[in-house]
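Q: My questions all concern the structure below.
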Amino acid sequence: QVQLVESGGGLVQAGGSLRLSCAASGRTFSSSAMAWFRQAPGKEREFVAGMSWSGENTLYVDSVRGRFIISRDNAKNTARLQMNSLKPEDTAVYYCAADLDRVYSVSRWENEYDYWGQGTQVTVSS
C-alpha cells in the first residue's frame, strides 16, 4: 500500500524552528520528486518546496526561500522540511506529496503530484 505520513508539526513562536518529516512506503519514493505544500485557513493549497529524486534540483516559493530547506534521504524513504525563522503567516496544514517517475526535475504544480499525505498542522504564534 502506498502511504505518505507527515510528522513534526506543532505550535511555535515567531522566529522559531520546526522540522517536518515525511515517511514514504511502497513505490512512492522510488524515482519520485517530493514536495511540500501548505494550506492556510480560507486559502488555496500552495506549493512550498520541492526536490527531484536525484536531489539535483530544488524549488522554493519566494516567501520561504532562505528560511526553509528541503532535503531527502532516499535510503530511508524520507523527506524533510527544515523551517527556520518562522512567521505567523507560515501557519497552515503542511502536506507532503510524491510525483512519480520524476528523477531530475521537480514541479510546483499541484496536479502533477500523484500521492499525498494526510497533513500536519503548523501554528506560528506572534
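Lettering and numbering for the C-alpha cells are positional, with chains as A, B, ... in the shown order, residues counted from 1 in each chain, and ligands counted from 1 in the shown order.
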Skipping near chain neighbours, those fewer than 2 positions away, what residues fall within 10 Å of A:Met83 using only C-alpha atoms, listed as a list in words?
A: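 Once the adjacent positions are removed, what remains is Gly15, Gly16, Ser17, Leu18, Arg19, Leu20, Val64, Gly66, Arg67, Phe68, Ile69, Ile70, Arg80, Leu81, Ser85, Leu86, Lys87 and Asp90 of chain A.
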Q: Excluding A:Arg108 and any residue of its chain fewer than 3 positions from it, enumerate the residues within 8 Å of it, using only C-alpha atoms, and give them as a ChimeraX atom specification.
A: /A:47,49-50,59
Q: Give me, as CSV, each residue of stretch 77-104 of chain A that comes within 8 Å of stretch 24-46 of chain A, together with its shortest interatomic pair and the distance in Å at one decimal, counting only C-alpha atoms, with rows ordered by chain and rising residue number.
A:
```
residue,atom,partner,partner_atom,distance
A:Asn77,CA,A:Ala24,CA,5.4
A:Thr78,CA,A:Ala24,CA,6.1
A:Ala79,CA,A:Met34,CA,7.1
A:Leu81,CA,A:Trp36,CA,7.6
A:Thr91,CA,A:Ala40,CA,6.4
A:Ala92,CA,A:Ala40,CA,4.2
A:Val93,CA,A:Gln39,CA,5.3
A:Tyr94,CA,A:Arg38,CA,4.3
A:Tyr95,CA,A:Phe37,CA,5.1
A:Cys96,CA,A:Trp36,CA,4.5
A:Ala97,CA,A:Ala35,CA,5.3
A:Ala98,CA,A:Met34,CA,4.7
A:Asp99,CA,A:Ala33,CA,5.0
A:Leu100,CA,A:Ser32,CA,4.4
A:Asp101,CA,A:Ser31,CA,5.0
A:Arg102,CA,A:Ser32,CA,5.1
A:Val103,CA,A:Ser31,CA,5.2
```
Q: Which is closer to A:Ser21 than all the others in A:Asp62, A:Glu112, A:Asp73, A:Glu56, using only C-alpha atoms?
A: A:Asp73
